[in-house]
file final17.tsv (TSV, C-alpha atoms)
chain	number	residue	atom	x	y	z
D	1	MET	CA	-2.68	-20.99	-16.15
D	2	LEU	CA	-1.92	-19.65	-12.71
D	3	THR	CA	-0.32	-21.73	-9.98
D	4	ARG	CA	-2.76	-22.25	-7.11
D	5	ILE	CA	-1.21	-20.08	-4.39
D	6	ILE	CA	-4.18	-19.57	-2.07
D	7	ASP	CA	-5.25	-22.73	-0.23
D	8	LYS	CA	-8.47	-24.15	-1.68
D	9	HIS	CA	-10.20	-24.32	1.69
D	10	LYS	CA	-9.58	-20.58	2.15
D	11	ILE	CA	-11.10	-19.86	-1.25
D	12	ASP	CA	-14.12	-22.02	-0.37
D	13	ASP	CA	-14.50	-20.39	3.06
D	14	ALA	CA	-14.28	-16.89	1.58
D	15	GLN	CA	-16.82	-17.73	-1.12
D	16	SER	CA	-19.23	-19.15	1.45
D	17	LEU	CA	-19.00	-16.01	3.58
D	18	ILE	CA	-19.59	-13.82	0.52
D	19	ASN	CA	-22.60	-15.91	-0.51
D	20	GLU	CA	-24.09	-15.61	2.97
D	21	SER	CA	-23.62	-11.83	3.14
D	22	SER	CA	-25.55	-8.91	1.67
D	23	GLN	CA	-23.89	-5.87	3.30
D	24	ILE	CA	-20.11	-5.98	2.84
D	25	ALA	CA	-17.52	-3.45	3.98
D	26	ILE	CA	-13.93	-3.20	2.76
D	27	VAL	CA	-11.36	-1.46	4.97
D	28	THR	CA	-7.75	-0.62	4.13
D	29	HIS	CA	-4.84	1.07	5.90
D	30	MET	CA	-4.04	4.68	6.80
D	31	SER	CA	-2.54	6.89	4.08
D	32	PRO	CA	-3.85	4.50	1.44
D	33	ASP	CA	-1.50	3.95	-1.49
D	34	GLY	CA	-2.07	2.53	-4.96
D	35	ASP	CA	-2.24	-1.08	-3.81
D	36	ALA	CA	-4.58	-0.30	-0.93
D	37	MET	CA	-6.97	1.56	-3.24
D	38	GLY	CA	-6.49	-0.79	-6.19
D	39	SER	CA	-7.18	-3.94	-4.21
D	40	SER	CA	-10.10	-2.38	-2.31
D	41	LEU	CA	-11.80	-0.88	-5.35
D	42	GLY	CA	-11.03	-3.94	-7.48
D	43	LEU	CA	-12.73	-6.17	-4.91
D	44	TYR	CA	-15.55	-3.60	-4.62
D	45	GLN	CA	-16.18	-3.76	-8.35
D	46	HIS	CA	-16.18	-7.57	-8.28
D	47	LEU	CA	-18.62	-7.79	-5.37
D	48	ILE	CA	-20.90	-5.16	-6.90
D	49	SER	CA	-21.05	-7.27	-10.08
D	50	CYS	CA	-22.08	-10.22	-7.87
D	51	GLY	CA	-25.08	-8.24	-6.66
D	52	LYS	CA	-23.76	-7.31	-3.21
D	53	ASN	CA	-24.14	-4.01	-1.36
D	54	VAL	CA	-20.55	-2.90	-0.79
D	55	SER	CA	-18.82	0.04	0.89
D	56	VAL	CA	-15.10	0.90	0.81
D	57	ILE	CA	-13.73	2.67	3.87
D	58	VAL	CA	-10.35	4.38	4.31
D	59	PRO	CA	-9.08	5.91	7.57
D	60	ASN	CA	-7.95	9.15	5.89
D	61	ARG	CA	-7.87	10.81	2.48
D	62	PHE	CA	-6.19	9.00	-0.42
D	63	PRO	CA	-3.99	10.87	-2.97
D	64	ASP	CA	-5.63	12.82	-5.77
D	65	PHE	CA	-3.74	10.83	-8.41
D	66	LEU	CA	-5.78	7.76	-7.44
D	67	ALA	CA	-9.16	9.51	-7.64
D	68	TRP	CA	-9.66	8.35	-11.27
D	69	MET	CA	-10.20	4.75	-10.14
D	70	PRO	CA	-13.73	3.48	-10.81
D	71	GLY	CA	-15.69	3.70	-7.58
D	72	ALA	CA	-13.32	6.13	-5.84
D	73	GLU	CA	-16.09	8.72	-5.66
D	74	ASN	CA	-18.07	6.38	-3.38
D	75	VAL	CA	-15.30	5.73	-0.82
D	76	PHE	CA	-16.00	6.68	2.80
D	77	VAL	CA	-13.15	8.66	4.38
D	78	TYR	CA	-13.43	8.08	8.13
D	79	ASP	CA	-11.61	11.26	9.19
D	80	GLU	CA	-14.15	13.28	7.20
D	81	GLN	CA	-17.29	11.13	7.52
D	82	LYS	CA	-17.15	9.53	10.96
D	83	GLU	CA	-20.86	9.22	11.62
D	84	GLN	CA	-21.74	7.82	8.19
D	85	THR	CA	-18.80	5.41	8.28
D	86	GLU	CA	-19.72	4.02	11.68
D	87	ILE	CA	-23.30	3.43	10.52
D	88	VAL	CA	-22.02	1.52	7.48
D	89	LEU	CA	-19.73	-0.64	9.60
D	90	LYS	CA	-22.44	-1.49	12.13
D	91	LYS	CA	-24.75	-2.65	9.31
D	92	CYS	CA	-22.23	-4.90	7.55
D	93	ASP	CA	-22.40	-8.68	7.92
D	94	LEU	CA	-18.98	-9.26	6.33
D	95	LEU	CA	-15.81	-7.18	6.45
D	96	PHE	CA	-12.75	-7.47	4.24
D	97	ALA	CA	-9.45	-6.19	5.71
D	98	LEU	CA	-7.16	-5.41	2.78
D	99	ASP	CA	-3.45	-4.63	2.58
D	100	PHE	CA	-2.70	-4.48	6.30
D	101	ASN	CA	-1.62	-7.09	8.81
D	102	THR	CA	-2.40	-5.41	12.13
D	103	LEU	CA	-5.29	-3.26	13.35
D	104	THR	CA	-2.91	-0.50	14.41
D	105	ARG	CA	-2.47	0.28	10.70
D	106	ILE	CA	-6.06	1.51	10.37
D	107	GLY	CA	-5.66	4.29	12.93
D	108	ASN	CA	-8.87	5.43	14.64
D	109	LEU	CA	-10.84	2.62	13.00
D	110	ASN	CA	-8.88	0.12	15.10
D	111	SER	CA	-11.27	-0.37	18.02
D	112	ILE	CA	-14.39	-0.10	15.85
D	113	VAL	CA	-13.30	-2.89	13.51
D	114	LYS	CA	-11.97	-5.00	16.37
D	115	ASN	CA	-15.33	-4.92	18.14
D	116	LEU	CA	-17.51	-5.71	15.11
D	117	SER	CA	-19.41	-8.96	15.49
D	118	CYS	CA	-19.53	-9.70	11.76
D	119	LYS	CA	-17.31	-12.24	9.98
D	120	LYS	CA	-14.00	-10.90	8.70
D	121	ILE	CA	-11.65	-11.87	5.85
D	122	LEU	CA	-8.05	-10.67	5.64
D	123	ILE	CA	-6.30	-10.37	2.26
D	124	ASP	CA	-2.73	-9.13	2.61
D	125	HIS	CA	0.89	-9.67	1.65
D	126	HIS	CA	2.72	-8.38	4.73
D	127	ARG	CA	4.40	-10.65	7.25
D	128	ASP	CA	2.98	-11.90	10.54
D	129	PRO	CA	-0.72	-10.96	10.39
D	130	ASP	CA	-2.58	-10.49	13.67
D	131	ASP	CA	-5.34	-12.92	14.57
D	132	PHE	CA	-8.49	-10.85	14.09
D	133	CYS	CA	-10.14	-12.43	11.04
D	134	ASN	CA	-12.09	-15.62	10.40
D	135	VAL	CA	-10.36	-16.27	7.06
D	136	VAL	CA	-6.74	-15.21	6.57
D	137	ILE	CA	-5.42	-14.99	3.01
D	138	SER	CA	-1.86	-13.87	3.71
D	139	TYR	CA	1.05	-14.55	1.34
D	140	PRO	CA	4.11	-12.30	1.87
D	141	LYS	CA	5.88	-13.62	-1.23
D	142	ILE	CA	3.16	-12.14	-3.46
D	143	ALA	CA	4.09	-8.68	-4.76
D	144	SER	CA	0.82	-6.90	-3.99
D	145	THR	CA	-2.54	-7.34	-2.32
D	146	SER	CA	-4.13	-6.49	-5.68
D	147	GLU	CA	-2.49	-9.60	-7.13
D	148	LEU	CA	-3.96	-11.68	-4.29
D	149	VAL	CA	-7.43	-10.25	-4.97
D	150	PHE	CA	-7.02	-11.18	-8.64
D	151	ARG	CA	-5.91	-14.69	-7.68
D	152	MET	CA	-8.90	-15.09	-5.36
D	153	ILE	CA	-11.38	-13.99	-8.04
D	154	TYR	CA	-9.62	-16.24	-10.57
D	155	ALA	CA	-9.66	-19.24	-8.22
D	156	MET	CA	-13.37	-18.71	-7.52
D	157	GLY	CA	-14.03	-19.02	-11.25
D	158	PHE	CA	-15.20	-15.45	-11.78
D	159	PHE	CA	-12.48	-14.23	-14.14
D	160	PRO	CA	-14.69	-14.56	-17.27
D	161	GLN	CA	-17.17	-12.16	-15.63
D	162	MET	CA	-14.51	-9.66	-14.45
D	163	THR	CA	-15.42	-6.13	-15.52
D	164	LEU	CA	-13.04	-3.60	-17.02
D	165	SER	CA	-13.48	-1.40	-13.92
D	166	CYS	CA	-12.31	-4.24	-11.68
D	167	ALA	CA	-9.36	-5.03	-13.98
D	168	GLU	CA	-8.23	-1.40	-14.10
D	169	CYS	CA	-8.15	-1.10	-10.32
D	170	LEU	CA	-6.25	-4.35	-9.83
D	171	TYR	CA	-3.72	-3.46	-12.53
D	172	ALA	CA	-3.10	-0.06	-10.92
D	173	GLY	CA	-2.53	-1.69	-7.55
D	174	MET	CA	-0.05	-4.18	-8.97
D	175	MET	CA	1.75	-1.46	-10.92
D	176	THR	CA	2.16	0.96	-8.02
D	177	ASP	CA	3.28	-1.61	-5.46
D	178	THR	CA	6.10	-2.76	-7.73
D	179	GLY	CA	7.22	0.72	-8.83
D	180	ALA	CA	5.78	0.16	-12.32
D	181	PHE	CA	7.20	-3.38	-12.21
D	182	THR	CA	10.76	-2.26	-11.42
D	183	PHE	CA	11.11	-4.14	-8.10
D	184	ASN	CA	9.64	-7.23	-6.42
D	185	SER	CA	8.29	-8.28	-9.80
D	186	ASN	CA	10.44	-11.10	-11.17
D	187	ASP	CA	7.74	-13.76	-10.87
D	188	PRO	CA	6.67	-14.66	-14.45
D	189	GLU	CA	3.10	-15.17	-13.27
D	190	ILE	CA	2.78	-11.42	-12.64
D	191	TYR	CA	3.06	-10.93	-16.39
D	192	TYR	CA	0.55	-13.66	-17.09
D	193	ILE	CA	-1.90	-11.76	-14.87
D	194	ILE	CA	-1.07	-8.53	-16.70
D	195	SER	CA	-1.78	-10.22	-20.04
D	196	GLU	CA	-5.15	-11.41	-18.74
D	197	LEU	CA	-6.01	-7.91	-17.50
D	198	LEU	CA	-5.04	-6.43	-20.87
D	199	LYS	CA	-7.51	-8.81	-22.50
D	200	LYS	CA	-10.20	-7.16	-20.40
D	201	GLY	CA	-9.38	-3.86	-22.08
D	202	VAL	CA	-6.98	-2.33	-19.57
D	203	ASP	CA	-4.96	0.51	-21.14
D	204	LYS	CA	-1.73	0.21	-19.18
D	205	ASP	CA	-0.19	3.33	-20.73
D	206	ALA	CA	-3.20	5.45	-19.79
D	207	ILE	CA	-3.15	4.13	-16.22
D	208	TYR	CA	0.57	4.86	-15.90
D	209	SER	CA	-0.06	8.42	-17.08
D	210	LYS	CA	-2.98	8.93	-14.67
D	211	VAL	CA	-0.89	7.78	-11.73
D	212	TYR	CA	2.52	9.25	-12.51
D	213	ASN	CA	1.94	12.18	-14.89
D	214	THR	CA	-0.82	14.21	-13.25
D	215	TYR	CA	0.99	16.05	-10.47
D	216	SER	CA	0.73	19.74	-9.62
D	217	VAL	CA	3.27	22.53	-10.14
D	218	ASP	CA	3.69	22.72	-6.35
D	219	ARG	CA	4.66	19.05	-6.30
D	220	LEU	CA	7.39	19.57	-8.91
D	221	ARG	CA	8.74	22.56	-6.99
D	222	LEU	CA	8.72	20.51	-3.79
D	223	MET	CA	10.68	17.79	-5.59
D	224	GLY	CA	13.28	20.29	-6.76
D	225	TYR	CA	13.63	21.71	-3.26
D	226	THR	CA	13.84	18.25	-1.75
D	227	LEU	CA	16.62	17.04	-4.04
D	228	GLY	CA	18.52	20.32	-3.98
D	229	GLN	CA	18.30	21.19	-0.30
D	230	LYS	CA	17.09	18.24	1.77
D	231	MET	CA	18.88	15.14	0.47
D	232	GLU	CA	21.83	14.02	2.60
D	233	ILE	CA	24.25	11.45	1.19
D	234	LEU	CA	26.15	9.16	3.57
D	235	PRO	CA	28.61	7.46	1.19
D	236	GLU	CA	30.26	5.35	3.88
D	237	TYR	CA	26.90	3.63	4.42
D	238	HIS	CA	25.70	3.79	0.79
D	239	THR	CA	22.67	5.64	2.16
D	240	ALA	CA	20.63	8.73	1.31
D	241	ILE	CA	18.31	10.41	3.81
D	242	ILE	CA	15.69	13.00	2.86
D	243	THR	CA	14.00	15.00	5.63
D	244	LEU	CA	10.97	17.25	5.26
D	245	THR	CA	9.40	19.27	8.07
D	246	LYS	CA	5.72	20.06	8.22
D	247	ALA	CA	6.54	23.74	7.67
D	248	GLU	CA	8.44	22.88	4.50
D	249	LEU	CA	5.58	20.76	3.22
D	250	ASP	CA	3.08	23.52	3.99
D	251	LYS	CA	5.25	26.00	2.08
D	252	PHE	CA	4.63	23.96	-1.07
D	253	ASN	CA	0.89	23.47	-0.38
D	254	TYR	CA	1.44	19.79	0.30
D	255	LYS	CA	-1.38	17.37	-0.46
D	256	GLU	CA	-1.44	13.65	0.37
D	257	GLY	CA	0.63	11.82	-2.22
D	258	ASP	CA	2.80	14.76	-3.31
D	259	THR	CA	5.97	13.06	-2.06
D	260	GLU	CA	5.13	9.77	-3.79
D	261	GLY	CA	8.26	8.39	-5.44
D	262	PHE	CA	10.69	10.86	-3.86
D	263	VAL	CA	12.33	8.12	-1.81
D	264	ASN	CA	13.17	6.12	-4.93
D	265	ILE	CA	15.13	8.88	-6.66
D	266	PRO	CA	18.38	8.63	-4.62
D	267	LEU	CA	18.64	4.96	-5.58
D	268	SER	CA	19.63	6.12	-9.06
D	269	ILE	CA	22.86	7.54	-7.58
D	270	LYS	CA	25.87	5.29	-8.10
D	271	GLY	CA	26.76	3.51	-4.87
D	272	ILE	CA	23.51	4.25	-3.05
D	273	VAL	CA	21.56	1.14	-2.05
D	274	PHE	CA	19.45	2.49	0.85
D	275	SER	CA	17.17	5.53	0.72
D	276	VAL	CA	14.91	6.94	3.44
D	277	LEU	CA	12.32	9.71	3.32
D	278	VAL	CA	11.58	11.10	6.80
D	279	LYS	CA	8.49	13.31	6.78
D	280	GLU	CA	7.02	15.25	9.70
D	281	GLY	CA	3.25	15.04	10.12
D	282	LYS	CA	0.71	16.42	12.58
D	283	GLU	CA	0.90	13.54	15.04
D	284	MET	CA	3.94	11.51	14.02
D	285	VAL	CA	6.98	11.26	11.80
D	286	LYS	CA	6.48	8.95	8.83
D	287	LEU	CA	9.29	7.05	7.17
D	288	SER	CA	9.47	5.48	3.72
D	289	LEU	CA	12.38	3.11	3.16
D	290	ARG	CA	13.63	1.74	-0.17
D	291	SER	CA	16.65	-0.29	-1.25
D	292	ARG	CA	18.37	-1.96	-4.15
D	293	GLY	CA	19.73	-5.48	-4.12
D	294	THR	CA	19.44	-7.60	-1.01
D	295	PHE	CA	19.42	-4.94	1.71
D	296	PRO	CA	16.32	-5.67	3.85
D	297	VAL	CA	14.59	-2.37	4.58
D	298	ASN	CA	11.70	-4.27	6.20
D	299	LYS	CA	14.18	-5.37	8.86
D	300	VAL	CA	15.14	-1.75	9.57
D	301	ALA	CA	11.52	-0.59	9.58
D	302	SER	CA	10.36	-3.28	12.01
D	303	SER	CA	13.27	-3.06	14.42
D	304	LEU	CA	13.45	0.74	14.65
D	305	PHE	CA	10.15	2.27	13.60
D	306	ASN	CA	7.27	-0.11	14.35
D	307	GLY	CA	6.85	-0.76	10.65
D	308	GLY	CA	7.38	-3.39	8.01
D	309	GLY	CA	6.79	-4.26	4.41
D	310	HIS	CA	8.98	-5.89	1.80
D	311	ILE	CA	12.70	-6.39	1.47
D	312	ASN	CA	13.07	-3.42	-0.92
D	313	ALA	CA	10.10	-1.27	0.08
D	314	SER	CA	8.85	-0.62	3.60
D	315	GLY	CA	7.40	2.03	5.87
D	316	GLY	CA	7.47	3.00	9.51
D	317	GLU	CA	6.52	5.67	12.01
D	318	SER	CA	8.05	7.51	14.93
D	319	TYR	CA	6.53	9.53	17.75
D	320	GLU	CA	9.85	11.20	18.50
D	321	SER	CA	10.80	14.53	16.95
D	322	LEU	CA	12.03	14.64	13.36
D	323	LYS	CA	15.53	15.42	14.62
D	324	ASP	CA	15.57	12.53	17.10
D	325	THR	CA	14.10	10.14	14.52
D	326	VAL	CA	16.91	10.90	12.07
D	327	LYS	CA	19.46	10.62	14.88
D	328	LYS	CA	18.11	7.16	15.73
D	329	LEU	CA	18.29	6.10	12.08
D	330	LYS	CA	21.88	7.29	11.66
D	331	ALA	CA	22.95	5.62	14.91
D	332	ALA	CA	21.70	2.29	13.55
D	333	LEU	CA	23.53	2.46	10.22
D	334	PRO	CA	26.86	1.06	11.52
D	335	HIS	CA	25.01	-2.10	12.56
D	336	TYR	CA	23.91	-2.61	8.96
D	337	GLN	CA	27.20	-1.65	7.29
D	338	LYS	CA	28.14	-5.18	6.26
D	339	GLU	CA	24.72	-5.81	4.66
D	340	LEU	CA	24.87	-2.43	2.92
D	341	GLU	CA	28.31	-3.22	1.51
D	342	GLU	CA	27.13	-6.63	0.28
D	343	SER	CA	24.19	-5.02	-1.54
D	344	CYS	CA	26.39	-2.74	-3.66
call {"tool": "encode", "arguments": {"input": "final17.tsv", "output": "C-alpha cells"}}
result
Amino acid sequence: MLTRIIDKHKIDDAQSLINESSQIAIVTHMSPDGDAMGSSLGLYQHLISCGKNVSVIVPNRFPDFLAWMPGAENVFVYDEQKEQTEIVLKKCDLLFALDFNTLTRIGNLNSIVKNLSCKKILIDHHRDPDDFCNVVISYPKIASTSELVFRMIYAMGFFPQMTLSCAECLYAGMMTDTGAFTFNSNDPEIYYIISELLKKGVDKDAIYSKVYNTYSVDRLRLMGYTLGQKMEILPEYHTAIITLTKAELDKFNYKEGDTEGFVNIPLSIKGIVFSVLVKEGKEMVKLSLRSRGTFPVNKVASSLFNGGGHINASGGESYESLKDTVKKLKAALPHYQKELEESC
C-alpha cells in the first residue's frame, strides 16, 4: 500500500471539481519534457476514461521521442495553433496546471491562463508554487509530477480502472524525470508504483527504447561534436560546462530534444560533480544543470538564472548573451567551491 502523501481534503476537492466539470484543459510548461508530457497525457487518459472532454495544451513543440505516447497526436501546440488553443481554453470549466510552479514557465500562455475564470488545480513537485490555483497539490519531495498524478488517481480509488495507456504515460514520466531511476529515486514507494504499473501491462523495456534509443544520425553527430569540441572541464571546481550556439545547433539540424541527456554525460568523469549545458536559443539562453552527491544545482539555478528544480537536476534561463551567461556562471563557482568539494 502507498503512504497517503496528498492531503485527503485536496483529493476530495479535486474530485469534486472534476465531477462538476465537462470541458477540462491540461496545461504544462514550455519545452515540455518526459514528465510534463507523461503527467499530462496520463491525466488526460484517466479523465477520458471518466467520460470527460479533455484537451492537453503545450506552449511549444515537444520532442519527437515522446510522440509515441498515447494521446500525443491530439495535443494542442500553442505556438503552432494559437487560435484553436485559445478557443479550447475559453470553453473549459476546469484547468489542470501540471509540472510547473509559476505562470512564467508557460511562456505566451501566461496571461491567458491567468485571466481564465474557470477553476484551476495545480499538480507539481517544484518548490514555492505561485498562488493562482484553487487546489494546490504540490510536494517537492516527490520525484516527478507523474508520480503525483498516479498518487491522486490511486487515492481517488480509480486505480483498478486505470488503462494501459494511462499507465504507460505515467511510467514514462517517472522514468525520464529520474534519469531512468538513477537519481532522486531512493524512495521504496517509487518501486511499488512501478510494480503496480507493470501489472497494468506496461513494457518498461519497450518504453526505455522508445525514449532513449530512437534518435537521429544528426543527434549522434551533434553529441560527438559536443563532447569533442564544446565540453570545458574546470577541475578546480569539479565542474564541466558545455556550450552550444544556435549556429552550431543549426549545423546539425537540431530538433527539440536532440540535446536530451548531454548534460549528464560529464558526470561520468572522475571528480566531476557539477555539469551545465548552456544552449543558445532564438530569444534566450537555456541552461540545464545536473550534479552528483549533495551539490544543490537548484540553488544555483534559482540564484543566478531565474530557474529551479531539484537538488541534482534543475534548469534556468538567461537573457544575456551566451558569452556573458557563461561568464556569470564561472564567476559564481568560487562561491560554491566548498559545497563542490564536499560533494566529491
call {"tool": "residues_around", "arguments": {"input": "final17.tsv", "residues": "segment 96-98 of chain D", "least_positions_apart": "4", "cutoff": "8 Å", "atoms": "only C-alpha atoms", "output": "PyMOL selection string"}}
result
chain D and resi 24-29+36+39-40+120-124+145
call {"tool": "closest_residue", "arguments": {"input": "final17.tsv", "among": "D:Trp68, D:Tyr336, D:Phe132, D:Phe181", "to": "Ser303 of chain D", "atoms": "all atoms listed in the file"}}
result
D:Tyr336
call {"tool": "residues_around", "arguments": {"input": "final17.tsv", "residues": "segment 74-79 of chain D", "least_positions_apart": "4", "cutoff": "10 Å", "atoms": "only C-alpha atoms", "output": "list in words"}}
result
Ile26, Val27, Met37, Ser40, Leu41, Val54, Ser55, Val56, Ile57, Val58, Pro59, Asn60, Arg61, Phe62, Ala67, Pro70, Glu83, Gln84, Thr85, Glu86, Val88, Gly107, Asn108 and Leu109 of chain D
call {"tool": "residues_around", "arguments": {"input": "final17.tsv", "residues": "Asp187 of chain D", "least_positions_apart": "2", "cutoff": "12 Å", "atoms": "all atoms listed in the file", "output": "ChimeraX atom specification"}}
result
/D:2-3,141-144,147,178,181-185,189-194
call {"tool": "residues_around", "arguments": {"input": "final17.tsv", "residues": "segment 225-236 of chain D", "least_positions_apart": "6", "cutoff": "8 Å", "atoms": "only C-alpha atoms", "output": "list in words"}}
result
Ile242, Thr243, Leu244, Gly271 and Ile272 of chain D
call {"tool": "closest_residue", "arguments": {"input": "final17.tsv", "among": "D:Gly42, D:Pro63, D:Gly293, D:Pro334", "to": "Tyr254 of chain D", "atoms": "only C-alpha atoms"}}
result
D:Pro63
call {"tool": "closest_residue", "arguments": {"input": "final17.tsv", "among": "D:Ser288, D:Asn115, D:Thr259, D:Thr239", "to": "Gly316 of chain D", "atoms": "only C-alpha atoms"}}
result
D:Ser288
call {"tool": "atom_distance", "arguments": {"input": "final17.tsv", "atom1": "atom CA of Arg4 of chain D", "atom2": "atom CA of Ser138 of chain D"}}
result
13.7 Å
call {"tool": "atom_distance", "arguments": {"input": "final17.tsv", "atom1": "atom CA of Phe100 of chain D", "atom2": "atom CA of His125 of chain D"}}
result
7.8 Å
call {"tool": "closest_atom_pairs", "arguments": {"input": "final17.tsv", "of": "segment 102-178 of chain D", "to": "segment 9-12 of chain D", "cutoff": "7 Å", "atoms": "only C-alpha atoms", "output": "tab-separated table"}}
result
residue	atom	partner	partner_atom	distance
D:Val135	CA	D:Lys10	CA	6.6
D:Met152	CA	D:Ile11	CA	6.7
D:Met156	CA	D:Ile11	CA	6.8
call {"tool": "closest_residue", "arguments": {"input": "final17.tsv", "among": "D:Gly38, D:Met174, D:Lys8, D:Asp13", "to": "Tyr154 of chain D", "atoms": "only C-alpha atoms"}}
result
D:Lys8
call {"tool": "closest_residue", "arguments": {"input": "final17.tsv", "among": "D:Thr102, D:Lys119, D:Cys50, D:Ser209", "to": "Asn306 of chain D", "atoms": "only C-alpha atoms"}}
result
D:Thr102
call {"tool": "closest_residue", "arguments": {"input": "final17.tsv", "among": "D:Asp177, D:Glu80, D:Glu168, D:Glu256", "to": "Asp99 of chain D", "atoms": "all atoms listed in the file"}}
result
D:Asp177
call {"tool": "atom_distance", "arguments": {"input": "final17.tsv", "atom1": "atom CA of Ala180 of chain D", "atom2": "atom CA of Phe150 of chain D"}}
result
17.5 Å
call {"tool": "residues_around", "arguments": {"input": "final17.tsv", "residues": "Lys251 of chain D", "least_positions_apart": "3", "cutoff": "12 Å", "atoms": "only C-alpha atoms", "output": "PyMOL selection string"}}
result
chain D and resi 218-219+221-222+225+244-248+254-255
call {"tool": "write_last_selection", "arguments": {"input": "final17.tsv", "atoms": "C-alpha atoms", "output": "PDB file, keeping the file's coordinate frame"}}
result
ATOM      1  CA  ASP D 218       3.690  22.720  -6.350  1.00  0.00           C
ATOM      2  CA  ARG D 219       4.660  19.050  -6.300  1.00  0.00           C
ATOM      3  CA  ARG D 221       8.740  22.560  -6.990  1.00  0.00           C
ATOM      4  CA  LEU D 222       8.720  20.510  -3.790  1.00  0.00           C
ATOM      5  CA  TYR D 225      13.630  21.710  -3.260  1.00  0.00           C
ATOM      6  CA  LEU D 244      10.970  17.250   5.260  1.00  0.00           C
ATOM      7  CA  THR D 245       9.400  19.270   8.070  1.00  0.00           C
ATOM      8  CA  LYS D 246       5.720  20.060   8.220  1.00  0.00           C
ATOM      9  CA  ALA D 247       6.540  23.740   7.670  1.00  0.00           C
ATOM     10  CA  GLU D 248       8.440  22.880   4.500  1.00  0.00           C
ATOM     11  CA  TYR D 254       1.440  19.790   0.300  1.00  0.00           C
ATOM     12  CA  LYS D 255      -1.380  17.370  -0.460  1.00  0.00           C
TER      13      LYS D 255
END
call {"tool": "decode", "arguments": {"input": "final17.tsv", "residues": "segment 87-92 of chain D", "atoms": "all heavy atoms", "output": "PDB file, in the first residue's frame"}}
result
ATOM      1  N   ILE D  87      -9.495  29.039 -28.201  1.00  0.00           N
ATOM      2  CA  ILE D  87     -10.909  28.638 -28.182  1.00  0.00           C
ATOM      3  C   ILE D  87     -11.127  27.532 -27.149  1.00  0.00           C
ATOM      4  O   ILE D  87     -12.081  27.563 -26.361  1.00  0.00           O
ATOM      5  CB  ILE D  87     -11.350  28.164 -29.588  1.00  0.00           C
ATOM      6  CG1 ILE D  87     -11.402  29.345 -30.550  1.00  0.00           C
ATOM      7  CG2 ILE D  87     -12.704  27.459 -29.521  1.00  0.00           C
ATOM      8  CD1 ILE D  87     -11.634  28.953 -31.999  1.00  0.00           C
ATOM      9  N   VAL D  88     -10.219  26.546 -27.141  1.00  0.00           N
ATOM     10  CA  VAL D  88     -10.305  25.442 -26.186  1.00  0.00           C
ATOM     11  C   VAL D  88     -10.246  25.956 -24.750  1.00  0.00           C
ATOM     12  O   VAL D  88     -11.037  25.548 -23.884  1.00  0.00           O
ATOM     13  CB  VAL D  88      -9.181  24.409 -26.440  1.00  0.00           C
ATOM     14  CG1 VAL D  88      -9.060  23.428 -25.276  1.00  0.00           C
ATOM     15  CG2 VAL D  88      -9.427  23.658 -27.745  1.00  0.00           C
ATOM     16  N   LEU D  89      -9.318  26.858 -24.485  1.00  0.00           N
ATOM     17  CA  LEU D  89      -9.149  27.376 -23.129  1.00  0.00           C
ATOM     18  C   LEU D  89     -10.371  28.175 -22.672  1.00  0.00           C
ATOM     19  O   LEU D  89     -10.790  28.083 -21.514  1.00  0.00           O
ATOM     20  CB  LEU D  89      -7.884  28.239 -23.050  1.00  0.00           C
ATOM     21  CG  LEU D  89      -6.566  27.472 -23.036  1.00  0.00           C
ATOM     22  CD1 LEU D  89      -5.383  28.419 -23.185  1.00  0.00           C
ATOM     23  CD2 LEU D  89      -6.418  26.668 -21.744  1.00  0.00           C
ATOM     24  N   LYS D  90     -10.944  28.953 -23.562  1.00  0.00           N
ATOM     25  CA  LYS D  90     -12.113  29.762 -23.197  1.00  0.00           C
ATOM     26  C   LYS D  90     -13.340  28.900 -22.898  1.00  0.00           C
ATOM     27  O   LYS D  90     -14.225  29.303 -22.144  1.00  0.00           O
ATOM     28  CB  LYS D  90     -12.420  30.759 -24.305  1.00  0.00           C
ATOM     29  CG  LYS D  90     -11.395  31.895 -24.388  1.00  0.00           C
ATOM     30  CD  LYS D  90     -11.649  32.802 -25.580  1.00  0.00           C
ATOM     31  CE  LYS D  90     -10.568  33.879 -25.675  1.00  0.00           C
ATOM     32  NZ  LYS D  90     -10.753  34.734 -26.877  1.00  0.00           N
ATOM     33  N   LYS D  91     -13.402  27.705 -23.486  1.00  0.00           N
ATOM     34  CA  LYS D  91     -14.534  26.811 -23.280  1.00  0.00           C
ATOM     35  C   LYS D  91     -14.408  25.963 -22.012  1.00  0.00           C
ATOM     36  O   LYS D  91     -15.402  25.423 -21.526  1.00  0.00           O
ATOM     37  CB  LYS D  91     -14.691  25.874 -24.486  1.00  0.00           C
ATOM     38  CG  LYS D  91     -15.252  26.530 -25.728  1.00  0.00           C
ATOM     39  CD  LYS D  91     -15.429  25.500 -26.834  1.00  0.00           C
ATOM     40  CE  LYS D  91     -16.070  26.118 -28.070  1.00  0.00           C
ATOM     41  NZ  LYS D  91     -16.220  25.100 -29.158  1.00  0.00           N
ATOM     42  N   CYS D  92     -13.192  25.818 -21.479  1.00  0.00           N
ATOM     43  CA  CYS D  92     -13.004  24.871 -20.375  1.00  0.00           C
ATOM     44  C   CYS D  92     -13.597  25.399 -19.077  1.00  0.00           C
ATOM     45  O   CYS D  92     -13.609  26.604 -18.818  1.00  0.00           O
ATOM     46  CB  CYS D  92     -11.531  24.526 -20.204  1.00  0.00           C
ATOM     47  SG  CYS D  92     -10.502  25.797 -19.457  1.00  0.00           S
TER      48      CYS D  92
END
